[in-house]
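Have a look at structure-v5.cif; it's mmCIF, N, CA and C atoms:
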data_run
loop_
_atom_site.label_atom_id
_atom_site.label_comp_id
_atom_site.auth_asym_id
_atom_site.auth_seq_id
_atom_site.Cartn_x
_atom_site.Cartn_y
_atom_site.Cartn_z
N ASP A 1 85.20 189.03 -131.66
CA ASP A 1 84.93 187.63 -131.36
C ASP A 1 84.11 186.99 -132.48
N SER A 2 84.37 185.75 -132.73
CA SER A 2 83.57 185.03 -133.72
C SER A 2 82.35 184.41 -133.05
N VAL A 3 81.33 184.22 -133.85
CA VAL A 3 80.10 183.61 -133.39
C VAL A 3 79.90 182.32 -134.18
N VAL A 4 79.65 181.24 -133.49
CA VAL A 4 79.42 179.95 -134.13
C VAL A 4 77.96 179.56 -133.89
N THR A 5 77.27 179.24 -134.98
CA THR A 5 75.88 178.82 -134.88
C THR A 5 75.69 177.50 -135.60
N PHE A 6 74.62 176.79 -135.25
CA PHE A 6 74.26 175.54 -135.92
C PHE A 6 73.16 175.85 -136.92
N TRP A 7 73.35 175.40 -138.16
CA TRP A 7 72.43 175.70 -139.26
C TRP A 7 71.71 174.44 -139.73
N GLU A 8 70.54 174.68 -140.31
CA GLU A 8 69.79 173.66 -141.03
C GLU A 8 69.47 174.24 -142.40
N GLY A 9 69.53 173.45 -143.43
CA GLY A 9 69.26 173.96 -144.77
C GLY A 9 68.18 173.16 -145.48
N GLU A 10 67.51 173.82 -146.40
CA GLU A 10 66.50 173.19 -147.23
C GLU A 10 66.80 173.54 -148.69
N ILE A 11 66.88 172.56 -149.55
CA ILE A 11 67.06 172.79 -150.98
C ILE A 11 65.68 172.73 -151.62
N ILE A 12 65.33 173.78 -152.36
CA ILE A 12 64.03 173.83 -153.04
C ILE A 12 64.07 172.85 -154.21
N ASP A 13 63.30 171.78 -154.09
CA ASP A 13 63.29 170.76 -155.14
C ASP A 13 61.87 170.39 -155.58
N ASN A 14 60.87 171.01 -154.98
CA ASN A 14 59.45 170.74 -155.26
C ASN A 14 59.04 169.30 -155.00
N ARG A 15 59.83 168.61 -154.22
CA ARG A 15 59.45 167.28 -153.71
C ARG A 15 59.43 167.32 -152.19
N ASN A 16 60.48 167.87 -151.61
CA ASN A 16 60.59 167.96 -150.16
C ASN A 16 60.37 169.39 -149.65
N TYR A 17 60.83 170.36 -150.43
CA TYR A 17 60.72 171.77 -150.05
C TYR A 17 60.31 172.59 -151.26
N TRP A 18 59.42 173.57 -151.01
CA TRP A 18 58.88 174.41 -152.07
C TRP A 18 59.26 175.85 -151.84
N PHE A 19 58.96 176.72 -152.79
CA PHE A 19 59.28 178.14 -152.66
C PHE A 19 58.46 178.82 -151.56
N ILE A 20 57.29 178.29 -151.26
CA ILE A 20 56.49 178.83 -150.17
C ILE A 20 57.02 178.26 -148.86
N THR A 21 57.43 179.14 -147.97
CA THR A 21 58.06 178.71 -146.72
C THR A 21 57.05 178.11 -145.76
N GLY A 22 55.95 178.81 -145.50
CA GLY A 22 54.89 178.29 -144.64
C GLY A 22 55.21 178.26 -143.16
N ARG A 23 56.22 178.98 -142.73
CA ARG A 23 56.58 179.06 -141.29
C ARG A 23 57.53 180.22 -141.07
N TRP A 24 58.00 180.37 -139.86
CA TRP A 24 58.94 181.42 -139.47
C TRP A 24 58.41 182.81 -139.83
N SER A 25 57.10 183.00 -139.75
CA SER A 25 56.43 184.28 -140.00
C SER A 25 56.50 184.74 -141.46
N ALA A 26 56.88 183.86 -142.37
CA ALA A 26 56.97 184.22 -143.79
C ALA A 26 55.65 183.91 -144.49
N THR A 27 55.05 184.92 -145.07
CA THR A 27 53.84 184.74 -145.87
C THR A 27 54.24 184.46 -147.32
N SER A 28 53.29 184.07 -148.14
CA SER A 28 53.61 183.83 -149.55
C SER A 28 54.06 185.12 -150.23
N TRP A 29 53.51 186.27 -149.80
CA TRP A 29 53.94 187.56 -150.36
C TRP A 29 55.39 187.85 -150.00
N ILE A 30 55.76 187.59 -148.75
CA ILE A 30 57.15 187.79 -148.31
C ILE A 30 58.07 186.86 -149.09
N ASP A 31 57.65 185.61 -149.27
CA ASP A 31 58.44 184.67 -150.06
C ASP A 31 58.69 185.21 -151.46
N LEU A 32 57.63 185.62 -152.14
CA LEU A 32 57.76 186.14 -153.51
C LEU A 32 58.66 187.38 -153.54
N GLU A 33 58.49 188.25 -152.56
CA GLU A 33 59.31 189.46 -152.48
C GLU A 33 60.80 189.14 -152.36
N HIS A 34 61.13 188.10 -151.61
CA HIS A 34 62.54 187.72 -151.43
C HIS A 34 63.08 186.93 -152.63
N TRP A 35 62.33 185.94 -153.08
CA TRP A 35 62.83 185.13 -154.20
C TRP A 35 63.07 185.97 -155.45
N THR A 36 62.24 186.98 -155.69
CA THR A 36 62.41 187.79 -156.90
C THR A 36 63.64 188.68 -156.86
N LYS A 37 64.33 188.75 -155.76
CA LYS A 37 65.59 189.50 -155.68
C LYS A 37 66.74 188.75 -156.36
N PHE A 38 66.54 187.47 -156.65
CA PHE A 38 67.58 186.67 -157.30
C PHE A 38 67.37 186.68 -158.81
N PRO A 39 68.38 187.08 -159.58
CA PRO A 39 68.23 187.09 -161.05
C PRO A 39 67.82 185.73 -161.61
N GLY A 40 68.31 184.64 -161.06
CA GLY A 40 67.99 183.31 -161.55
C GLY A 40 66.55 182.90 -161.33
N PHE A 41 65.82 183.65 -160.52
CA PHE A 41 64.43 183.32 -160.23
C PHE A 41 63.47 183.86 -161.28
N ALA A 42 63.90 184.80 -162.11
CA ALA A 42 63.02 185.48 -163.07
C ALA A 42 62.15 184.52 -163.89
N PRO A 43 62.70 183.41 -164.44
CA PRO A 43 61.84 182.51 -165.23
C PRO A 43 60.77 181.79 -164.41
N LEU A 44 60.91 181.79 -163.10
CA LEU A 44 59.97 181.07 -162.23
C LEU A 44 58.91 181.98 -161.61
N ARG A 45 59.08 183.28 -161.78
CA ARG A 45 58.20 184.24 -161.10
C ARG A 45 56.72 184.03 -161.41
N ALA A 46 56.37 183.83 -162.67
CA ALA A 46 54.96 183.68 -163.04
C ALA A 46 54.34 182.46 -162.37
N ALA A 47 55.05 181.34 -162.36
CA ALA A 47 54.54 180.13 -161.72
C ALA A 47 54.42 180.32 -160.21
N MET A 48 55.35 181.04 -159.63
CA MET A 48 55.30 181.31 -158.19
C MET A 48 54.09 182.16 -157.86
N ALA A 49 53.85 183.18 -158.66
CA ALA A 49 52.71 184.07 -158.42
C ALA A 49 51.39 183.35 -158.67
N PHE A 50 51.38 182.40 -159.62
CA PHE A 50 50.15 181.70 -159.99
C PHE A 50 49.74 180.65 -158.95
N ASN A 51 50.69 179.78 -158.57
CA ASN A 51 50.32 178.68 -157.67
C ASN A 51 51.35 178.41 -156.58
N GLY A 52 52.11 179.42 -156.23
CA GLY A 52 53.11 179.24 -155.18
C GLY A 52 54.32 178.46 -155.61
N GLY A 53 54.46 178.25 -156.91
CA GLY A 53 55.63 177.54 -157.42
C GLY A 53 55.58 176.04 -157.24
N VAL A 54 54.43 175.52 -156.81
CA VAL A 54 54.31 174.09 -156.55
C VAL A 54 54.61 173.26 -157.79
N ASN A 55 54.17 173.71 -158.94
CA ASN A 55 54.38 172.95 -160.17
C ASN A 55 55.47 173.53 -161.06
N CYS A 56 56.36 174.32 -160.49
CA CYS A 56 57.46 174.90 -161.29
C CYS A 56 58.33 173.78 -161.84
N ASP A 57 58.72 173.92 -163.08
CA ASP A 57 59.66 172.99 -163.68
C ASP A 57 61.06 173.48 -163.37
N LEU A 58 61.71 172.84 -162.44
CA LEU A 58 63.05 173.26 -162.01
C LEU A 58 64.16 172.63 -162.84
N ALA A 59 63.82 171.74 -163.75
CA ALA A 59 64.84 171.00 -164.50
C ALA A 59 65.78 171.92 -165.26
N HIS A 60 65.24 172.92 -165.96
CA HIS A 60 66.11 173.80 -166.74
C HIS A 60 66.84 174.82 -165.86
N ILE A 61 66.29 175.15 -164.72
CA ILE A 61 66.91 176.12 -163.82
C ILE A 61 67.97 175.46 -162.94
N SER A 62 67.74 174.22 -162.52
CA SER A 62 68.62 173.57 -161.56
C SER A 62 70.02 173.29 -162.09
N ARG A 63 70.21 173.39 -163.39
CA ARG A 63 71.56 173.24 -163.94
C ARG A 63 72.40 174.48 -163.65
N SER A 64 71.73 175.61 -163.45
CA SER A 64 72.43 176.87 -163.23
C SER A 64 72.31 177.38 -161.80
N TYR A 65 71.15 177.15 -161.18
CA TYR A 65 70.89 177.74 -159.86
C TYR A 65 70.34 176.70 -158.90
N ILE A 66 70.74 176.82 -157.66
CA ILE A 66 70.16 176.03 -156.58
C ILE A 66 69.58 177.01 -155.57
N PHE A 67 68.28 176.90 -155.34
CA PHE A 67 67.60 177.78 -154.38
C PHE A 67 67.46 177.03 -153.06
N MET A 68 67.71 177.76 -151.97
CA MET A 68 67.70 177.14 -150.65
C MET A 68 67.14 178.11 -149.60
N ARG A 69 66.85 177.56 -148.44
CA ARG A 69 66.61 178.33 -147.23
C ARG A 69 67.59 177.84 -146.18
N TRP A 70 68.17 178.76 -145.44
CA TRP A 70 69.07 178.42 -144.34
C TRP A 70 68.50 178.98 -143.06
N LYS A 71 68.46 178.16 -142.03
CA LYS A 71 67.92 178.58 -140.74
C LYS A 71 68.93 178.25 -139.65
N GLU A 72 69.32 179.28 -138.88
CA GLU A 72 70.15 179.05 -137.72
C GLU A 72 69.26 178.49 -136.61
N LEU A 73 69.70 177.42 -135.97
CA LEU A 73 68.89 176.79 -134.93
C LEU A 73 69.32 177.18 -133.53
N PHE A 74 70.64 177.29 -133.31
CA PHE A 74 71.10 177.70 -131.98
C PHE A 74 72.55 178.16 -132.04
N PHE A 75 72.95 178.89 -131.00
CA PHE A 75 74.32 179.36 -130.87
C PHE A 75 75.17 178.24 -130.27
N CYS A 76 76.36 178.05 -130.81
CA CYS A 76 77.29 177.07 -130.27
C CYS A 76 78.33 177.73 -129.36
N SER A 77 78.59 179.02 -129.57
CA SER A 77 79.68 179.67 -128.85
C SER A 77 79.24 180.90 -128.05
N GLN A 78 77.95 181.13 -127.94
CA GLN A 78 77.46 182.33 -127.26
C GLN A 78 76.41 181.95 -126.24
N ASN A 79 76.27 182.80 -125.23
CA ASN A 79 75.15 182.67 -124.32
C ASN A 79 73.88 183.12 -125.03
N THR A 80 72.74 182.67 -124.59
CA THR A 80 71.49 183.06 -125.24
C THR A 80 71.17 184.53 -125.01
N ASP A 81 71.81 185.17 -124.03
CA ASP A 81 71.57 186.60 -123.76
C ASP A 81 72.66 187.48 -124.36
N CYS A 82 73.24 187.06 -125.49
CA CYS A 82 74.36 187.78 -126.12
C CYS A 82 73.91 188.99 -126.94
N GLY A 83 72.61 189.20 -127.10
CA GLY A 83 72.11 190.33 -127.88
C GLY A 83 71.94 190.03 -129.37
N LEU A 84 72.30 188.84 -129.80
CA LEU A 84 72.13 188.44 -131.19
C LEU A 84 70.84 187.66 -131.33
N THR A 85 70.33 187.59 -132.55
CA THR A 85 69.10 186.86 -132.79
C THR A 85 69.28 185.83 -133.89
N ILE A 86 68.58 184.73 -133.76
CA ILE A 86 68.52 183.72 -134.81
C ILE A 86 67.06 183.41 -135.14
N ALA A 87 66.22 184.40 -134.92
CA ALA A 87 64.78 184.22 -135.12
C ALA A 87 64.40 184.06 -136.59
N GLY A 88 65.16 184.66 -137.48
CA GLY A 88 64.83 184.64 -138.91
C GLY A 88 65.52 183.52 -139.66
N PHE A 89 65.54 183.66 -140.98
CA PHE A 89 66.19 182.68 -141.85
C PHE A 89 66.63 183.38 -143.12
N TYR A 90 67.42 182.69 -143.93
CA TYR A 90 67.93 183.23 -145.19
C TYR A 90 67.27 182.55 -146.38
N TYR A 91 66.90 183.36 -147.37
CA TYR A 91 66.59 182.89 -148.71
C TYR A 91 67.94 182.90 -149.44
N VAL A 92 68.30 181.81 -150.10
CA VAL A 92 69.65 181.68 -150.65
C VAL A 92 69.58 181.15 -152.08
N CYS A 93 70.49 181.65 -152.93
CA CYS A 93 70.62 181.14 -154.29
C CYS A 93 72.10 180.95 -154.61
N LEU A 94 72.45 179.75 -155.03
CA LEU A 94 73.80 179.43 -155.47
C LEU A 94 73.81 179.44 -156.99
N ASP A 95 74.66 180.29 -157.57
CA ASP A 95 74.86 180.32 -159.02
C ASP A 95 75.98 179.32 -159.31
N GLN A 96 75.62 178.19 -159.91
CA GLN A 96 76.59 177.13 -160.12
C GLN A 96 77.63 177.47 -161.17
N ARG A 97 77.31 178.38 -162.06
CA ARG A 97 78.29 178.77 -163.10
C ARG A 97 79.42 179.59 -162.50
N SER A 98 79.08 180.58 -161.70
CA SER A 98 80.10 181.48 -161.15
C SER A 98 80.59 181.03 -159.78
N GLY A 99 79.83 180.17 -159.10
CA GLY A 99 80.18 179.76 -157.75
C GLY A 99 79.77 180.77 -156.70
N SER A 100 79.09 181.84 -157.11
CA SER A 100 78.68 182.86 -156.14
C SER A 100 77.39 182.45 -155.44
N LEU A 101 77.26 182.93 -154.23
CA LEU A 101 76.08 182.63 -153.42
C LEU A 101 75.53 183.95 -152.90
N LEU A 102 74.24 184.12 -153.05
CA LEU A 102 73.58 185.34 -152.60
C LEU A 102 72.45 184.94 -151.68
N GLY A 103 72.30 185.66 -150.57
CA GLY A 103 71.24 185.38 -149.63
C GLY A 103 70.64 186.65 -149.07
N PHE A 104 69.38 186.56 -148.65
CA PHE A 104 68.68 187.67 -148.02
C PHE A 104 68.03 187.17 -146.75
N TYR A 105 68.29 187.86 -145.66
CA TYR A 105 67.77 187.47 -144.35
C TYR A 105 66.36 187.99 -144.17
N PHE A 106 65.50 187.16 -143.58
CA PHE A 106 64.16 187.61 -143.24
C PHE A 106 63.89 187.33 -141.77
N ASP A 107 63.54 188.38 -141.08
CA ASP A 107 63.04 188.32 -139.71
C ASP A 107 62.13 189.53 -139.58
N PRO A 108 60.86 189.35 -139.25
CA PRO A 108 59.94 190.50 -139.21
C PRO A 108 60.37 191.59 -138.22
N ASN A 109 61.27 191.25 -137.30
CA ASN A 109 61.72 192.23 -136.31
C ASN A 109 63.10 192.80 -136.62
N SER A 110 63.62 192.54 -137.80
CA SER A 110 64.95 193.02 -138.19
C SER A 110 64.86 193.89 -139.44
N THR A 111 65.95 194.56 -139.74
CA THR A 111 66.04 195.36 -140.96
C THR A 111 65.80 194.46 -142.16
N PRO A 112 64.91 194.86 -143.07
CA PRO A 112 64.60 193.99 -144.22
C PRO A 112 65.76 193.86 -145.20
N PHE A 113 65.82 192.71 -145.83
CA PHE A 113 66.73 192.41 -146.93
C PHE A 113 68.21 192.55 -146.58
N GLN A 114 68.59 192.15 -145.36
CA GLN A 114 70.02 192.09 -145.04
C GLN A 114 70.63 191.08 -146.00
N ARG A 115 71.74 191.47 -146.60
CA ARG A 115 72.30 190.71 -147.72
C ARG A 115 73.54 189.93 -147.30
N LEU A 116 73.61 188.69 -147.77
CA LEU A 116 74.76 187.83 -147.62
C LEU A 116 75.27 187.55 -149.02
N ALA A 117 76.54 187.84 -149.29
CA ALA A 117 77.11 187.58 -150.62
C ALA A 117 78.46 186.89 -150.45
N LEU A 118 78.62 185.75 -151.09
CA LEU A 118 79.87 185.01 -151.08
C LEU A 118 80.30 184.80 -152.52
N GLU A 119 81.55 185.04 -152.81
CA GLU A 119 82.08 184.89 -154.16
C GLU A 119 83.18 183.83 -154.15
N ALA A 120 83.24 183.02 -155.19
CA ALA A 120 84.30 182.04 -155.33
C ALA A 120 85.61 182.75 -155.66
N VAL A 121 86.70 182.29 -155.09
CA VAL A 121 88.01 182.83 -155.40
C VAL A 121 88.89 181.71 -155.94
N THR A 122 89.77 182.09 -156.83
CA THR A 122 90.67 181.07 -157.40
C THR A 122 92.09 181.39 -157.09
#
Re-express the file's structure as structure tokens.
Amino acid sequence: DSVVTFWEGEIIDNRNYWFITGRWSATSWIDLEHWTKFPGFAPLRAAMAFNGGVNCDLAHISRSYIFMRWKELFFCSQNTDCGLTIAGFYYVCLDQRSGSLLGFYFDPNSTPFQRLALEAVT
């Protein structure tokens, strides 16, 4: 059976959303641990470690990568007692050159670093 959920997304732009999540049980250490799993994040790591990435210059990175968070809000096709959870959220990076998308799920009560990988096909 397929599962349909309703999602909300945040694009990290340092105006509306920053690399520090500040909710959903994510600490700044957890944020850094997840963001550093993305190769495109490497140039931003020092700024993230220094001040939470608040003053990161995203101009040179945003041409190649878009960093996001995705949060499932509710099930559309399942009962709430279906045994599935939407308590966590995904750290996501879209590589604009290749069209690939990589994500890592975070929920303190789930297996760490569950991976989501989508590749563009032609």
Tell me which protein, DNA and RNA residues are within 8 Å of region 30-45 of chain A, counting all atoms listed in the file, leaving out same-chain ones fewer than 3 positions away, and put them as a CSV table (one decimal) with N, CA and C atoms, in the coordinates of the input.
chain,number,residue,atom,x,y,z
A,19,PHE,N,59.0,176.7,-152.8
A,19,PHE,CA,59.3,178.1,-152.7
A,19,PHE,C,58.5,178.8,-151.6
A,20,ILE,N,57.3,178.3,-151.3
A,20,ILE,CA,56.5,178.8,-150.2
A,20,ILE,C,57.0,178.3,-148.9
A,21,THR,N,57.4,179.1,-148.0
A,21,THR,CA,58.1,178.7,-146.7
A,21,THR,C,57.0,178.1,-145.8
A,22,GLY,N,56.0,178.8,-145.5
A,22,GLY,CA,54.9,178.3,-144.6
A,22,GLY,C,55.2,178.3,-143.2
A,25,SER,N,57.1,183.0,-139.8
A,25,SER,CA,56.4,184.3,-140.0
A,25,SER,C,56.5,184.7,-141.5
A,26,ALA,N,56.9,183.9,-142.4
A,26,ALA,CA,57.0,184.2,-143.8
A,26,ALA,C,55.6,183.9,-144.5
A,27,THR,N,55.0,184.9,-145.1
A,27,THR,CA,53.8,184.7,-145.9
A,27,THR,C,54.2,184.5,-147.3
A,48,MET,N,55.4,181.0,-159.6
A,48,MET,CA,55.3,181.3,-158.2
A,48,MET,C,54.1,182.2,-157.9
A,49,ALA,N,53.8,183.2,-158.7
A,49,ALA,CA,52.7,184.1,-158.4
A,49,ALA,C,51.4,183.4,-158.7
A,50,PHE,N,51.4,182.4,-159.6
A,50,PHE,CA,50.2,181.7,-160.0
A,50,PHE,C,49.7,180.6,-159.0
A,51,ASN,N,50.7,179.8,-158.6
A,51,ASN,CA,50.3,178.7,-157.7
A,51,ASN,C,51.4,178.4,-156.6
A,53,GLY,N,54.5,178.2,-156.9
A,53,GLY,CA,55.6,177.5,-157.4
A,53,GLY,C,55.6,176.0,-157.2
A,56,CYS,N,56.4,174.3,-160.5
A,56,CYS,CA,57.5,174.9,-161.3
A,56,CYS,C,58.3,173.8,-161.8
A,57,ASP,N,58.7,173.9,-163.1
A,57,ASP,CA,59.7,173.0,-163.7
A,57,ASP,C,61.1,173.5,-163.4
A,61,ILE,N,66.3,175.2,-164.7
A,61,ILE,CA,66.9,176.1,-163.8
A,61,ILE,C,68.0,175.5,-162.9
A,64,SER,N,71.7,175.6,-163.4
A,64,SER,CA,72.4,176.9,-163.2
A,64,SER,C,72.3,177.4,-161.8
A,65,TYR,N,71.2,177.2,-161.2
A,65,TYR,CA,70.9,177.7,-159.9
A,65,TYR,C,70.3,176.7,-158.9
A,91,TYR,N,66.9,183.4,-147.4
A,91,TYR,CA,66.6,182.9,-148.7
A,91,TYR,C,67.9,182.9,-149.4
A,92,VAL,N,68.3,181.8,-150.1
A,92,VAL,CA,69.6,181.7,-150.6
A,92,VAL,C,69.6,181.2,-152.1
A,93,CYS,N,70.5,181.6,-152.9
A,93,CYS,CA,70.6,181.1,-154.3
A,93,CYS,C,72.1,181.0,-154.6
A,95,ASP,N,74.7,180.3,-157.6
A,95,ASP,CA,74.9,180.3,-159.0
A,95,ASP,C,76.0,179.3,-159.3
A,102,LEU,N,74.2,184.1,-153.0
A,102,LEU,CA,73.6,185.3,-152.6
A,102,LEU,C,72.4,184.9,-151.7
A,104,PHE,N,69.4,186.6,-148.6
A,104,PHE,CA,68.7,187.7,-148.0
A,104,PHE,C,68.0,187.2,-146.8
A,113,PHE,N,65.8,192.7,-145.8
A,113,PHE,CA,66.7,192.4,-146.9
A,113,PHE,C,68.2,192.6,-146.6
Between A:Ile12, A:Ala47, A:Leu73, A:Leu116, which is the closest to Tyr90 (chain A) once you count only C-alpha atoms?
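Looking at the shortest contact to Tyr90 (chain A), the residue is A:Leu116.
As for atom C of Arg23 (chain A) and atom N of Ser110 (chain A), they are spaced 14.1 Å apart.
Picture a line from CA of Thr85 (chain A) to CA of Leu118 (chain A); it runs 21.3 Å.
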From a backbone DSSP assignment, name each residue in chain A labelled strand (DSSP E), as JSON, numbers by chain.
{"A": [5, 6, 7, 8, 9, 10, 11, 65, 66, 67, 68, 69, 70, 71, 72, 73, 74, 75, 89, 90, 91, 92, 93, 94, 95, 101, 102, 103, 104, 105, 106, 114, 115, 116, 117, 118]}
Excluding Arg63 (chain A) and its own-chain neighbours fewer than 3 positions away, which residues fall within 7 Å of it when counting all atoms listed in the file? Please give them as a PyMOL selection string.
chain A and resi 58-60+66+96-97
With distances taken over all atoms listed in the file, the candidate from A:Gly88, A:Ser77, A:Tyr105, A:Trp29 nearest Thr5 (chain A) is A:Ser77
How would you write as a VMD selection string the residues that get within 8 Å of (71.2, 179.0, -132.2) in the file's frame, counting all atoms listed in the file?
chain A and resid 4 to 7 71 to 77 85 to 87
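For chain A, backbone-based DSSP assignment of alpha helix (DSSP H) covers Ser28, Trp29, Ile30, Asp31, Leu32, Glu33, His34, Trp35, Arg45, Ala46, Ala47, Met48, Ala49, Phe50 and Asn51 of chain A.
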Rounded to one decimal in Å, what is the spacing between CA of Trp18 (chain A) and CA of Trp70 (chain A)?
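Between CA of Trp18 (chain A) and CA of Trp70 (chain A) the gap works out to 13.4 Å.
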Neighbour list for Glu10 (chain A) as a CSV table (one decimal) with N, CA and C atoms, in the coordinates of the input, cut-off 8 Å, only C-alpha atoms, skip fewer than 6 positions in-chain:
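Resulting contents of out03.csv:
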chain,number,residue,atom,x,y,z
A,17,TYR,N,60.8,170.4,-150.4
A,17,TYR,CA,60.7,171.8,-150.0
A,17,TYR,C,60.3,172.6,-151.3
A,68,MET,N,67.7,177.8,-152.0
A,68,MET,CA,67.7,177.1,-150.6
A,68,MET,C,67.1,178.1,-149.6
A,69,ARG,N,66.8,177.6,-148.4
A,69,ARG,CA,66.6,178.3,-147.2
A,69,ARG,C,67.6,177.8,-146.2
A,70,TRP,N,68.2,178.8,-145.4
A,70,TRP,CA,69.1,178.4,-144.3
A,70,TRP,C,68.5,179.0,-143.1
Option closest in space to Leu94 (chain A), from A:Arg115, A:Phe67, A:Phe106, A:Ala120 [counting only N, CA and C atoms]:
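Among the listed residues, A:Phe67 lies closest to Leu94 (chain A).
Nearest to Asn14 (chain A) of all the residues A:Gly103, A:Ser2, A:Ser62, A:Pro108 is A:Ser62, counting only C-alpha atoms.
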Taking N, CA, C and O atoms as the atom set, what does region 10-25 of chain A look like once completed, written as a PDB file, in the frame of the given file?
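Resulting contents of part_36.pdb:
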ATOM      1  N   GLU A  10      67.510 173.820-146.400  1.00  0.00           N
ATOM      2  CA  GLU A  10      66.500 173.190-147.230  1.00  0.00           C
ATOM      3  C   GLU A  10      66.800 173.540-148.690  1.00  0.00           C
ATOM      4  O   GLU A  10      66.961 174.714-149.016  1.00  0.00           O
ATOM      5  N   ILE A  11      66.880 172.560-149.550  1.00  0.00           N
ATOM      6  CA  ILE A  11      67.060 172.790-150.980  1.00  0.00           C
ATOM      7  C   ILE A  11      65.680 172.730-151.620  1.00  0.00           C
ATOM      8  O   ILE A  11      64.949 171.749-151.458  1.00  0.00           O
ATOM      9  N   ILE A  12      65.330 173.780-152.360  1.00  0.00           N
ATOM     10  CA  ILE A  12      64.030 173.830-153.040  1.00  0.00           C
ATOM     11  C   ILE A  12      64.070 172.850-154.210  1.00  0.00           C
ATOM     12  O   ILE A  12      64.798 173.061-155.177  1.00  0.00           O
ATOM     13  N   ASP A  13      63.300 171.780-154.090  1.00  0.00           N
ATOM     14  CA  ASP A  13      63.290 170.760-155.140  1.00  0.00           C
ATOM     15  C   ASP A  13      61.870 170.390-155.580  1.00  0.00           C
ATOM     16  O   ASP A  13      61.690 169.542-156.446  1.00  0.00           O
ATOM     17  N   ASN A  14      60.870 171.010-154.980  1.00  0.00           N
ATOM     18  CA  ASN A  14      59.450 170.740-155.260  1.00  0.00           C
ATOM     19  C   ASN A  14      59.040 169.300-155.000  1.00  0.00           C
ATOM     20  O   ASN A  14      58.046 168.827-155.521  1.00  0.00           O
ATOM     21  N   ARG A  15      59.830 168.610-154.220  1.00  0.00           N
ATOM     22  CA  ARG A  15      59.450 167.280-153.710  1.00  0.00           C
ATOM     23  C   ARG A  15      59.430 167.320-152.190  1.00  0.00           C
ATOM     24  O   ARG A  15      58.491 166.830-151.579  1.00  0.00           O
ATOM     25  N   ASN A  16      60.480 167.870-151.610  1.00  0.00           N
ATOM     26  CA  ASN A  16      60.590 167.960-150.160  1.00  0.00           C
ATOM     27  C   ASN A  16      60.370 169.390-149.650  1.00  0.00           C
ATOM     28  O   ASN A  16      59.811 169.585-148.579  1.00  0.00           O
ATOM     29  N   TYR A  17      60.830 170.360-150.430  1.00  0.00           N
ATOM     30  CA  TYR A  17      60.720 171.770-150.050  1.00  0.00           C
ATOM     31  C   TYR A  17      60.310 172.590-151.260  1.00  0.00           C
ATOM     32  O   TYR A  17      60.776 172.345-152.365  1.00  0.00           O
ATOM     33  N   TRP A  18      59.420 173.570-151.010  1.00  0.00           N
ATOM     34  CA  TRP A  18      58.880 174.410-152.070  1.00  0.00           C
ATOM     35  C   TRP A  18      59.260 175.850-151.840  1.00  0.00           C
ATOM     36  O   TRP A  18      59.791 176.205-150.789  1.00  0.00           O
ATOM     37  N   PHE A  19      58.960 176.720-152.790  1.00  0.00           N
ATOM     38  CA  PHE A  19      59.280 178.140-152.660  1.00  0.00           C
ATOM     39  C   PHE A  19      58.460 178.820-151.560  1.00  0.00           C
ATOM     40  O   PHE A  19      58.889 179.810-150.998  1.00  0.00           O
ATOM     41  N   ILE A  20      57.290 178.290-151.260  1.00  0.00           N
ATOM     42  CA  ILE A  20      56.490 178.830-150.170  1.00  0.00           C
ATOM     43  C   ILE A  20      57.020 178.260-148.860  1.00  0.00           C
ATOM     44  O   ILE A  20      57.044 177.040-148.672  1.00  0.00           O
ATOM     45  N   THR A  21      57.430 179.140-147.970  1.00  0.00           N
ATOM     46  CA  THR A  21      58.060 178.710-146.720  1.00  0.00           C
ATOM     47  C   THR A  21      57.050 178.110-145.760  1.00  0.00           C
ATOM     48  O   THR A  21      57.270 177.044-145.188  1.00  0.00           O
ATOM     49  N   GLY A  22      55.950 178.810-145.500  1.00  0.00           N
ATOM     50  CA  GLY A  22      54.890 178.290-144.640  1.00  0.00           C
ATOM     51  C   GLY A  22      55.210 178.260-143.160  1.00  0.00           C
ATOM     52  O   GLY A  22      54.521 177.590-142.398  1.00  0.00           O
ATOM     53  N   ARG A  23      56.220 178.980-142.730  1.00  0.00           N
ATOM     54  CA  ARG A  23      56.580 179.060-141.290  1.00  0.00           C
ATOM     55  C   ARG A  23      57.530 180.220-141.070  1.00  0.00           C
ATOM     56  O   ARG A  23      57.830 180.956-141.990  1.00  0.00           O
ATOM     57  N   TRP A  24      58.000 180.370-139.860  1.00  0.00           N
ATOM     58  CA  TRP A  24      58.940 181.420-139.470  1.00  0.00           C
ATOM     59  C   TRP A  24      58.410 182.810-139.830  1.00  0.00           C
ATOM     60  O   TRP A  24      59.161 183.706-140.217  1.00  0.00           O
ATOM     61  N   SER A  25      57.100 183.000-139.750  1.00  0.00           N
ATOM     62  CA  SER A  25      56.430 184.280-140.000  1.00  0.00           C
ATOM     63  C   SER A  25      56.500 184.740-141.460  1.00  0.00           C
ATOM     64  O   SER A  25      56.232 185.897-141.757  1.00  0.00           O
TER      65      SER A  25
END
